[in-house]
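The next block is query_33.csv, given as CSV, N, CA and C atoms.
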chain,number,residue,atom,x,y,z
A,718,MET,N,64.2,-27.2,-54.3
A,718,MET,CA,64.4,-25.8,-54.0
A,718,MET,C,63.1,-25.1,-54.2
A,719,LYS,N,62.4,-25.4,-55.4
A,719,LYS,CA,61.2,-24.7,-55.7
A,719,LYS,C,60.1,-25.0,-54.7
A,720,GLY,N,60.1,-26.3,-54.1
A,720,GLY,CA,59.2,-26.6,-53.1
A,720,GLY,C,59.3,-25.8,-51.9
A,721,VAL,N,60.6,-25.6,-51.5
A,721,VAL,CA,60.8,-24.8,-50.3
A,721,VAL,C,60.4,-23.3,-50.5
A,722,VAL,N,60.7,-22.8,-51.6
A,722,VAL,CA,60.2,-21.4,-51.9
A,722,VAL,C,58.7,-21.3,-52.0
A,723,HIS,N,58.1,-22.3,-52.6
A,723,HIS,CA,56.6,-22.4,-52.7
A,723,HIS,C,56.0,-22.5,-51.2
A,724,GLU,N,56.6,-23.3,-50.4
A,724,GLU,CA,56.0,-23.4,-49.0
A,724,GLU,C,56.2,-22.1,-48.2
A,725,GLU,N,57.3,-21.5,-48.4
A,725,GLU,CA,57.5,-20.2,-47.7
A,725,GLU,C,56.5,-19.1,-48.2
A,726,ALA,N,56.3,-19.1,-49.5
A,726,ALA,CA,55.3,-18.2,-50.1
A,726,ALA,C,53.9,-18.5,-49.6
A,727,ARG,N,53.6,-19.8,-49.5
A,727,ARG,CA,52.3,-20.2,-49.0
A,727,ARG,C,52.1,-19.8,-47.5
A,728,VAL,N,53.1,-20.0,-46.7
A,728,VAL,CA,53.0,-19.6,-45.3
A,728,VAL,C,52.8,-18.1,-45.1
A,729,ASN,N,53.6,-17.3,-45.9
A,729,ASN,CA,53.5,-15.9,-45.9
A,729,ASN,C,52.1,-15.4,-46.3
A,730,ALA,N,51.6,-16.0,-47.3
A,730,ALA,CA,50.2,-15.6,-47.8
A,730,ALA,C,49.2,-15.9,-46.8
A,731,ILE,N,49.3,-17.0,-46.1
A,731,ILE,CA,48.3,-17.4,-45.0
A,731,ILE,C,48.4,-16.4,-43.9
A,732,GLN,N,49.6,-16.0,-43.5
A,732,GLN,CA,49.8,-15.0,-42.4
A,732,GLN,C,49.2,-13.7,-42.8
A,733,ARG,N,49.5,-13.2,-44.0
A,733,ARG,CA,49.0,-11.9,-44.5
A,733,ARG,C,47.5,-11.9,-44.6
A,734,SER,N,46.9,-13.0,-45.0
A,734,SER,CA,45.4,-13.0,-45.2
A,734,SER,C,44.6,-13.3,-43.9
A,735,ALA,N,45.3,-13.7,-42.9
A,735,ALA,CA,44.7,-14.1,-41.6
A,735,ALA,C,43.7,-15.2,-41.8
A,736,ILE,N,44.0,-16.2,-42.7
A,736,ILE,CA,43.1,-17.3,-42.9
A,736,ILE,C,43.5,-18.4,-41.8
A,737,SER,N,42.5,-18.9,-41.1
A,737,SER,CA,42.7,-19.9,-40.1
A,737,SER,C,43.2,-21.2,-40.7
A,738,ALA,N,43.8,-22.0,-39.8
A,738,ALA,CA,44.3,-23.3,-40.3
A,738,ALA,C,43.1,-24.2,-40.6
A,739,GLN,N,42.0,-24.0,-39.9
A,739,GLN,CA,40.8,-24.8,-40.2
A,739,GLN,C,40.2,-24.5,-41.6
A,740,GLU,N,40.1,-23.2,-41.9
A,740,GLU,CA,39.6,-22.7,-43.2
A,740,GLU,C,40.5,-23.3,-44.3
A,741,LEU,N,41.8,-23.2,-44.1
A,741,LEU,CA,42.8,-23.7,-45.1
A,741,LEU,C,42.6,-25.2,-45.3
A,742,GLU,N,42.4,-26.0,-44.3
A,742,GLU,CA,42.2,-27.4,-44.4
A,742,GLU,C,40.9,-27.7,-45.1
A,743,ARG,N,39.8,-26.9,-44.8
A,743,ARG,CA,38.6,-27.1,-45.5
A,743,ARG,C,38.7,-26.8,-47.0
A,744,GLU,N,39.5,-25.8,-47.4
A,744,GLU,CA,39.7,-25.5,-48.8
A,744,GLU,C,40.5,-26.6,-49.4
A,745,ARG,N,41.6,-27.1,-48.7
A,745,ARG,CA,42.4,-28.1,-49.3
A,745,ARG,C,41.6,-29.4,-49.6
A,746,GLN,N,40.7,-29.7,-48.6
A,746,GLN,CA,39.8,-30.9,-48.8
A,746,GLN,C,38.8,-30.7,-50.0
A,747,LEU,N,38.3,-29.5,-50.1
A,747,LEU,CA,37.4,-29.2,-51.2
A,747,LEU,C,38.1,-29.3,-52.5
A,748,ILE,N,39.3,-28.8,-52.6
A,748,ILE,CA,40.1,-28.9,-53.9
A,748,ILE,C,40.4,-30.4,-54.2
A,749,LEU,N,40.7,-31.2,-53.2
A,749,LEU,CA,41.0,-32.6,-53.4
A,749,LEU,C,39.7,-33.3,-53.9
A,750,ASP,N,38.6,-33.0,-53.2
A,750,ASP,CA,37.3,-33.6,-53.6
A,750,ASP,C,36.9,-33.2,-55.1
A,751,LEU,N,37.1,-32.0,-55.4
A,751,LEU,CA,36.7,-31.5,-56.8
A,751,LEU,C,37.7,-32.1,-57.8
A,752,SER,N,38.9,-32.2,-57.5
A,752,SER,CA,39.9,-32.8,-58.5
A,752,SER,C,39.6,-34.3,-58.7
A,753,ALA,N,39.1,-34.9,-57.7
A,753,ALA,CA,38.8,-36.4,-57.8
A,753,ALA,C,37.5,-36.6,-58.7
A,754,GLN,N,36.6,-35.6,-58.7
A,754,GLN,CA,35.3,-35.8,-59.4
A,754,GLN,C,35.2,-35.0,-60.7
A,755,SER,N,36.1,-34.0,-60.9
A,755,SER,CA,36.0,-33.2,-62.1
A,755,SER,C,37.3,-33.2,-62.9
A,756,PRO,N,37.2,-32.8,-64.2
A,756,PRO,CA,38.4,-32.7,-65.0
A,756,PRO,C,39.3,-31.6,-64.5
A,757,LEU,N,40.5,-31.7,-64.7
A,757,LEU,CA,41.5,-30.7,-64.3
A,757,LEU,C,41.4,-29.5,-65.2
A,758,VAL,N,41.3,-28.3,-64.6
A,758,VAL,CA,41.3,-27.0,-65.4
A,758,VAL,C,42.4,-26.2,-64.9
A,759,PRO,N,43.1,-25.5,-65.7
A,759,PRO,CA,44.1,-24.6,-65.3
A,759,PRO,C,43.6,-23.6,-64.2
A,760,THR,N,44.5,-23.4,-63.2
A,760,THR,CA,44.1,-22.6,-62.0
A,760,THR,C,43.5,-21.3,-62.3
A,761,HIS,N,44.1,-20.5,-63.2
A,761,HIS,CA,43.6,-19.1,-63.4
A,761,HIS,C,42.2,-19.2,-64.1
A,762,PHE,N,42.0,-20.2,-64.9
A,762,PHE,CA,40.6,-20.4,-65.5
A,762,PHE,C,39.6,-20.7,-64.4
A,763,ALA,N,40.0,-21.6,-63.5
A,763,ALA,CA,39.1,-21.9,-62.4
A,763,ALA,C,38.8,-20.7,-61.5
A,764,SER,N,39.8,-19.9,-61.2
A,764,SER,CA,39.6,-18.7,-60.4
A,764,SER,C,38.7,-17.7,-61.1
A,765,THR,N,38.9,-17.6,-62.4
A,765,THR,CA,38.0,-16.7,-63.2
A,765,THR,C,36.6,-17.2,-63.2
A,766,SER,N,36.4,-18.5,-63.3
A,766,SER,CA,35.0,-19.1,-63.3
A,766,SER,C,34.4,-18.8,-61.9
A,767,LEU,N,35.1,-19.0,-60.9
A,767,LEU,CA,34.6,-18.7,-59.5
A,767,LEU,C,34.2,-17.2,-59.4
A,768,PHE,N,35.1,-16.4,-59.9
A,768,PHE,CA,34.8,-14.9,-59.8
A,768,PHE,C,33.5,-14.6,-60.6
A,769,ARG,N,33.4,-15.1,-61.8
A,769,ARG,CA,32.2,-14.9,-62.6
A,769,ARG,C,31.0,-15.4,-62.0
A,770,TYR,N,31.1,-16.6,-61.3
A,770,TYR,CA,29.9,-17.1,-60.6
A,770,TYR,C,29.5,-16.2,-59.5
A,771,LEU,N,30.5,-15.7,-58.7
A,771,LEU,CA,30.2,-14.8,-57.6
A,771,LEU,C,29.5,-13.5,-58.1
A,772,GLU,N,30.0,-13.0,-59.2
A,772,GLU,CA,29.5,-11.8,-59.8
A,772,GLU,C,28.0,-12.0,-60.2
A,773,LYS,N,27.8,-13.1,-60.9
A,773,LYS,CA,26.4,-13.4,-61.4
A,773,LYS,C,25.4,-13.7,-60.3
A,774,ASN,N,25.9,-14.3,-59.2
A,774,ASN,CA,25.0,-14.8,-58.1
A,774,ASN,C,25.2,-14.0,-56.8
A,775,TRP,N,25.7,-12.8,-56.9
A,775,TRP,CA,26.1,-12.0,-55.8
A,775,TRP,C,25.0,-11.9,-54.7
A,776,GLU,N,23.8,-11.6,-55.2
A,776,GLU,CA,22.6,-11.4,-54.3
A,776,GLU,C,22.4,-12.6,-53.4
A,777,GLU,N,22.6,-13.8,-54.0
A,777,GLU,CA,22.4,-15.1,-53.3
A,777,GLU,C,23.5,-15.4,-52.3
A,778,VAL,N,24.8,-15.1,-52.7
A,778,VAL,CA,25.9,-15.5,-51.9
A,778,VAL,C,26.5,-14.5,-51.0
A,779,LYS,N,26.1,-13.2,-51.1
A,779,LYS,CA,26.7,-12.2,-50.3
A,779,LYS,C,26.4,-12.4,-48.8
A,780,ARG,N,25.4,-13.0,-48.4
A,780,ARG,CA,25.1,-13.3,-47.0
A,780,ARG,C,26.1,-14.2,-46.3
A,781,PHE,N,26.8,-14.9,-47.1
A,781,PHE,CA,27.8,-15.8,-46.6
A,781,PHE,C,29.2,-15.1,-46.3
A,782,GLY,N,29.3,-13.9,-46.8
A,782,GLY,CA,30.6,-13.2,-46.7
A,782,GLY,C,30.6,-12.3,-45.4
A,783,LEU,N,31.7,-11.8,-45.1
A,783,LEU,CA,31.9,-10.9,-44.0
A,783,LEU,C,32.7,-9.7,-44.5
A,784,PRO,N,32.4,-8.5,-44.0
A,784,PRO,CA,33.2,-7.3,-44.4
A,784,PRO,C,34.6,-7.5,-43.8
A,785,SER,N,35.5,-6.8,-44.4
A,785,SER,CA,36.9,-6.9,-43.9
A,785,SER,C,37.0,-6.6,-42.4
A,786,GLN,N,37.7,-7.4,-41.7
A,786,GLN,CA,37.8,-7.3,-40.2
A,786,GLN,C,39.0,-6.5,-39.7
A,787,ASN,N,40.0,-6.3,-40.6
A,787,ASN,CA,41.2,-5.6,-40.1
A,787,ASN,C,41.9,-5.0,-41.4
A,788,GLU,N,43.0,-4.3,-41.1
A,788,GLU,CA,43.7,-3.6,-42.2
A,788,GLU,C,44.3,-4.6,-43.2
A,789,LYS,N,44.8,-5.8,-42.8
A,789,LYS,CA,45.3,-6.7,-43.7
A,789,LYS,C,44.2,-7.1,-44.7
A,790,GLU,N,43.0,-7.4,-44.2
A,790,GLU,CA,42.0,-7.8,-45.1
A,790,GLU,C,41.5,-6.7,-46.1
A,791,LYS,N,41.6,-5.4,-45.6
A,791,LYS,CA,41.2,-4.3,-46.4
A,791,LYS,C,42.3,-4.1,-47.5
A,792,GLU,N,43.5,-4.4,-47.2
A,792,GLU,CA,44.6,-4.3,-48.3
A,792,GLU,C,44.3,-5.3,-49.4
A,793,LEU,N,43.8,-6.5,-49.0
A,793,LEU,CA,43.5,-7.5,-50.0
A,793,LEU,C,42.3,-7.1,-50.9
A,794,GLU,N,41.4,-6.2,-50.4
A,794,GLU,CA,40.3,-5.8,-51.3
A,794,GLU,C,40.8,-5.1,-52.5
A,795,ILE,N,41.9,-4.4,-52.4
A,795,ILE,CA,42.5,-3.8,-53.6
A,795,ILE,C,42.9,-4.8,-54.6
A,796,SER,N,43.5,-5.9,-54.1
A,796,SER,CA,43.9,-7.0,-55.0
A,796,SER,C,42.7,-7.6,-55.7
A,797,ALA,N,41.6,-7.7,-55.0
A,797,ALA,CA,40.4,-8.2,-55.6
A,797,ALA,C,39.9,-7.3,-56.7
A,798,GLU,N,40.0,-6.0,-56.6
A,798,GLU,CA,39.6,-5.1,-57.6
A,798,GLU,C,40.5,-5.3,-58.9
A,799,LYS,N,41.8,-5.4,-58.6
A,799,LYS,CA,42.7,-5.7,-59.8
A,799,LYS,C,42.4,-7.0,-60.4
A,800,PHE,N,42.0,-8.0,-59.6
A,800,PHE,CA,41.6,-9.3,-60.2
A,800,PHE,C,40.4,-9.2,-61.1
A,801,ALA,N,39.4,-8.3,-60.6
A,801,ALA,CA,38.2,-8.1,-61.4
A,801,ALA,C,38.5,-7.6,-62.8
A,802,ASP,N,39.5,-6.7,-62.9
A,802,ASP,CA,39.9,-6.2,-64.2
A,802,ASP,C,40.5,-7.3,-65.1
A,803,TRP,N,41.3,-8.2,-64.4
A,803,TRP,CA,41.9,-9.2,-65.2
A,803,TRP,C,41.0,-10.3,-65.6
A,804,ALA,N,39.9,-10.5,-64.9
A,804,ALA,CA,38.9,-11.6,-65.1
A,804,ALA,C,38.4,-11.7,-66.5
A,805,ASP,N,38.1,-10.5,-67.1
A,805,ASP,CA,37.5,-10.5,-68.4
A,805,ASP,C,38.5,-11.1,-69.4
A,806,PHE,N,39.8,-10.7,-69.3
A,806,PHE,CA,40.8,-11.2,-70.2
A,806,PHE,C,40.9,-12.8,-70.0
A,807,SER,N,40.9,-13.2,-68.8
A,807,SER,CA,41.1,-14.6,-68.5
A,807,SER,C,39.8,-15.4,-69.1
A,808,TYR,N,38.7,-14.8,-68.9
A,808,TYR,CA,37.4,-15.4,-69.4
A,808,TYR,C,37.5,-15.6,-70.9
A,809,SER,N,38.0,-14.6,-71.6
A,809,SER,CA,38.2,-14.7,-73.1
A,809,SER,C,39.2,-15.8,-73.5
A,810,SER,N,40.3,-15.8,-72.7
A,810,SER,CA,41.3,-16.9,-72.9
A,810,SER,C,40.7,-18.3,-72.7
A,811,PHE,N,39.9,-18.4,-71.7
A,811,PHE,CA,39.3,-19.7,-71.4
A,811,PHE,C,38.4,-20.2,-72.5
A,812,LYS,N,37.6,-19.2,-73.1
A,812,LYS,CA,36.8,-19.6,-74.2
A,812,LYS,C,37.6,-20.1,-75.4
A,813,ILE,N,38.7,-19.5,-75.6
A,813,ILE,CA,39.6,-19.9,-76.7
A,813,ILE,C,40.2,-21.3,-76.4
A,814,PHE,N,40.6,-21.5,-75.1
A,814,PHE,CA,41.1,-22.8,-74.7
A,814,PHE,C,40.1,-23.9,-74.9
A,815,LEU,N,38.8,-23.7,-74.5
A,815,LEU,CA,37.8,-24.7,-74.7
A,815,LEU,C,37.5,-25.0,-76.2
A,816,LYS,N,37.5,-23.9,-77.0
A,816,LYS,CA,37.3,-24.1,-78.4
A,816,LYS,C,38.4,-25.0,-79.0
A,817,GLU,N,39.7,-24.7,-78.7
A,817,GLU,CA,40.8,-25.5,-79.2
A,817,GLU,C,40.8,-26.9,-78.7
A,818,LEU,N,40.4,-27.0,-77.4
A,818,LEU,CA,40.3,-28.4,-76.8
A,818,LEU,C,39.2,-29.2,-77.5
A,819,LYS,N,38.1,-28.6,-77.8
A,819,LYS,CA,37.0,-29.3,-78.5
A,819,LYS,C,37.4,-29.7,-79.9
A,820,LYS,N,38.1,-28.8,-80.5
A,820,LYS,CA,38.6,-29.1,-81.9
A,820,LYS,C,39.6,-30.2,-81.9
A,821,GLU,N,40.5,-30.3,-80.9
A,821,GLU,CA,41.5,-31.3,-80.8
A,821,GLU,C,40.8,-32.7,-80.5
A,822,ILE,N,39.8,-32.7,-79.6
A,822,ILE,CA,39.1,-33.9,-79.3
A,822,ILE,C,38.3,-34.4,-80.5
A,823,THR,N,37.7,-33.5,-81.2
A,823,THR,CA,37.0,-33.9,-82.4
A,823,THR,C,37.9,-34.5,-83.5
A,824,MET,N,39.1,-33.8,-83.7
A,824,MET,CA,40.0,-34.3,-84.7
A,824,MET,C,40.6,-35.7,-84.2
A,825,THR,N,40.8,-35.9,-83.0
A,825,THR,CA,41.4,-37.1,-82.5
A,825,THR,C,40.3,-38.2,-82.6
A,826,GLY,N,39.0,-37.9,-82.3
A,826,GLY,CA,38.0,-38.9,-82.5
A,826,GLY,C,37.8,-39.3,-84.0
A,827,ALA,N,37.9,-38.3,-84.9
A,827,ALA,CA,37.8,-38.6,-86.3
A,827,ALA,C,38.9,-39.5,-86.8
A,828,GLU,N,40.1,-39.4,-86.2
A,828,GLU,CA,41.2,-40.3,-86.6
A,828,GLU,C,40.9,-41.7,-86.2
A,829,TYR,N,40.1,-41.9,-85.2
A,829,TYR,CA,39.7,-43.3,-84.8
A,829,TYR,C,38.3,-43.7,-85.3
A,830,GLY,N,37.8,-42.9,-86.2
A,830,GLY,CA,36.5,-43.2,-86.7
A,830,GLY,C,35.3,-42.9,-85.9
A,831,THR,N,35.5,-42.1,-84.9
A,831,THR,CA,34.4,-41.7,-84.0
A,831,THR,C,34.5,-40.2,-83.8
A,832,GLU,N,33.7,-39.4,-84.5
A,832,GLU,CA,33.7,-38.0,-84.4
A,832,GLU,C,33.0,-37.6,-83.1
A,833,ILE,N,33.5,-36.7,-82.4
A,833,ILE,CA,32.9,-36.2,-81.2
A,833,ILE,C,32.4,-34.8,-81.5
A,834,VAL,N,31.1,-34.6,-81.3
A,834,VAL,CA,30.5,-33.3,-81.6
A,834,VAL,C,30.4,-32.4,-80.4
Encoded form using C-alpha coordinates:
Amino acid sequence: MKGVVHEEARVNAIQRSAISAQELERERQLILDLSAQSPLVPTHFASTSLFRYLEKNWEEVKRFGLPSQNEKEKELEISAEKFADWADFSYSSFKIFLKELKKEITMTGAEYGTEIV
(Lines of atoms letter the chains of each structure in order from A and count residues from 1; the text may use other names and numbers.)
(Lines give C-alpha, C1' and ligand atoms only; values in the text may rest on other atoms or scores of the structure.)
Protein backbone atom coordinates (compact mmCIF):
# COMPACT_ATOMS: atom_id res chain seq x y z
CA MET A 1 0.00 0.00 0.00
CA LYS A 2 2.81 2.40 0.88
CA GLY A 3 4.38 1.72 -2.52
CA VAL A 4 1.16 2.68 -4.31
CA VAL A 5 0.85 5.91 -2.30
CA HIS A 6 4.53 6.69 -2.92
CA GLU A 7 4.15 6.13 -6.67
CA GLU A 8 1.05 8.37 -6.83
CA ALA A 9 2.89 11.11 -4.92
CA ARG A 10 5.88 10.75 -7.25
CA VAL A 11 3.72 11.06 -10.37
CA ASN A 12 1.91 14.11 -8.94
CA ALA A 13 5.22 15.76 -8.06
CA ILE A 14 6.54 15.19 -11.58
CA GLN A 15 3.41 16.68 -13.13
CA ARG A 16 3.49 19.72 -10.83
CA SER A 17 7.16 20.42 -11.49
CA ALA A 18 6.99 19.91 -15.26
CA ILE A 19 10.10 17.71 -15.19
CA SER A 20 10.52 15.74 -18.39
CA ALA A 21 10.77 11.96 -18.40
CA GLN A 22 14.28 12.27 -19.82
CA GLU A 23 15.40 14.55 -16.95
CA LEU A 24 13.88 12.18 -14.44
CA GLU A 25 15.69 9.21 -15.96
CA ARG A 26 19.01 11.10 -15.93
CA GLU A 27 18.48 11.94 -12.26
CA ARG A 28 17.59 8.31 -11.46
CA GLN A 29 20.73 7.10 -13.22
CA LEU A 30 22.87 9.66 -11.39
CA ILE A 31 21.46 8.52 -8.05
CA LEU A 32 22.16 4.88 -8.93
CA ASP A 33 25.72 5.71 -10.00
CA LEU A 34 26.39 7.73 -6.86
CA SER A 35 24.93 5.11 -4.55
CA ALA A 36 27.14 2.46 -6.15
CA GLN A 37 30.29 4.56 -5.66
CA SER A 38 29.65 6.46 -2.43
CA PRO A 39 28.47 5.64 1.07
CA LEU A 40 24.79 6.07 1.74
CA VAL A 41 23.81 9.34 3.40
CA PRO A 42 20.32 10.19 4.68
CA THR A 43 18.41 12.03 1.95
CA HIS A 44 17.82 15.29 3.81
CA PHE A 45 21.53 15.54 4.59
CA ALA A 46 22.39 14.96 0.94
CA SER A 47 19.86 17.62 -0.10
CA THR A 48 21.35 20.06 2.37
CA SER A 49 24.86 19.33 1.10
CA LEU A 50 23.74 19.98 -2.46
CA PHE A 51 22.05 23.22 -1.43
CA ARG A 52 25.17 24.38 0.44
CA TYR A 53 27.32 23.51 -2.57
CA LEU A 54 25.07 25.55 -4.86
CA GLU A 55 25.15 28.49 -2.44
CA LYS A 56 28.93 28.40 -2.19
CA ASN A 57 29.53 27.95 -5.94
CA TRP A 58 26.60 29.97 -7.28
CA GLU A 59 28.68 32.16 -9.60
CA GLU A 60 30.10 29.08 -11.31
CA VAL A 61 26.88 27.06 -11.61
CA LYS A 62 24.21 29.69 -12.26
CA ARG A 63 24.87 29.61 -16.00
CA PHE A 64 23.48 26.06 -16.06
CA GLY A 65 20.11 27.14 -14.64
CA LEU A 66 17.07 28.64 -16.28
CA PRO A 67 14.61 31.16 -14.88
CA SER A 68 11.16 29.85 -14.10
CA GLN A 69 9.30 29.19 -17.34
CA ASN A 70 5.72 29.04 -16.05
CA GLU A 71 3.52 29.59 -13.00
CA LYS A 72 4.08 26.07 -11.66
CA GLU A 73 7.82 26.63 -11.59
CA LYS A 74 7.36 30.04 -9.96
CA GLU A 75 5.29 28.40 -7.22
CA LEU A 76 8.18 26.03 -6.55
CA GLU A 77 10.52 28.98 -5.96
CA ILE A 78 8.67 29.70 -2.73
CA SER A 79 9.38 26.15 -1.60
CA ALA A 80 13.06 26.69 -2.38
CA GLU A 81 13.07 29.75 -0.11
CA LYS A 82 11.53 27.71 2.70
CA PHE A 83 14.10 25.01 2.07
CA ALA A 84 16.89 27.58 2.41
CA ASP A 85 15.62 28.46 5.88
CA TRP A 86 15.61 24.79 6.84
CA ALA A 87 19.08 24.06 5.40
CA ASP A 88 20.96 25.61 8.31
CA PHE A 89 19.20 23.37 10.81
CA SER A 90 19.83 20.32 8.67
CA TYR A 91 23.50 21.24 8.26
CA SER A 92 23.92 21.44 12.04
CA SER A 93 22.16 18.10 12.44
CA PHE A 94 24.45 16.55 9.84
CA LYS A 95 27.54 17.73 11.72
CA ILE A 96 26.19 16.06 14.87
CA PHE A 97 25.43 12.90 12.88
CA LEU A 98 29.02 12.76 11.53
CA LYS A 99 30.50 13.39 14.98
CA GLU A 100 28.48 10.54 16.48
CA LEU A 101 29.26 8.26 13.54
CA LYS A 102 33.00 8.93 13.91
CA LYS A 103 32.75 8.27 17.65
CA GLU A 104 30.95 4.96 17.02
CA ILE A 105 33.51 3.87 14.42
CA THR A 106 36.37 4.78 16.75
CA MET A 107 34.82 2.86 19.65
CA THR A 108 34.14 -0.17 17.47
CA GLY A 109 37.71 -0.10 16.17
CA ALA A 110 39.06 0.12 19.73
CA GLU A 111 37.06 -3.01 20.67
CA TYR A 112 38.92 -4.91 17.97
CA GLY A 113 42.32 -3.42 18.82
CA THR A 114 42.39 -0.99 15.90
CA GLU A 115 41.50 2.57 16.76
CA ILE A 116 40.30 4.69 13.87
CA VAL A 117 41.20 8.35 14.15
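Note that atom N of Leu793 of chain A and atom CA of Leu757 of chain A are 28.7 Å apart.
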- prompt: Rounded to one decimal in Å, what is the spacing between atom CA of Ser764 of chain A and atom CA of Asp805 of chain A?
  reply: 11.6 Å
Show me, as AutoDock Vina command-line options, the centre and edge lengths in Å to one decimal of the axis-aligned box that covers every listed atom of segment 785-793 of chain A with 5 Å on each side.
--center_x 40.4 --center_y -5.7 --center_z -45.3 --size_x 19.8 --size_y 14.2 --size_z 21.2
task: Quick one: pick out all helix (DSSP H, G or I) residues within chain A from a backbone DSSP run and write them as a ChimeraX atom specification.
output: /A:719-734,738-754,760-773,775-781,788-828
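Within a radius of 7 Å around (43.2, -11.6, -58.2), the polymer residues are Ser796, Ala797, Lys799, Phe800 and Ala801 of chain A, counting only C-alpha atoms.
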- line: From atom CA of Glu790 of chain A to atom N of Tyr808 of chain A the spacing works out at 25.0 Å
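In terms of minimum interatomic distance to Ala763 of chain A, A:Leu751 ranks closest within A:Lys820, A:Glu776, A:Ser785, A:Leu751, counting only C-alpha atoms.
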Counting all atoms listed in the file, the residue of A:Thr823, A:Arg743, A:Phe762, A:Lys791 that sits nearest Ser810 of chain A: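 Of the candidates, the smallest distance to Ser810 of chain A is held by A:Phe762.
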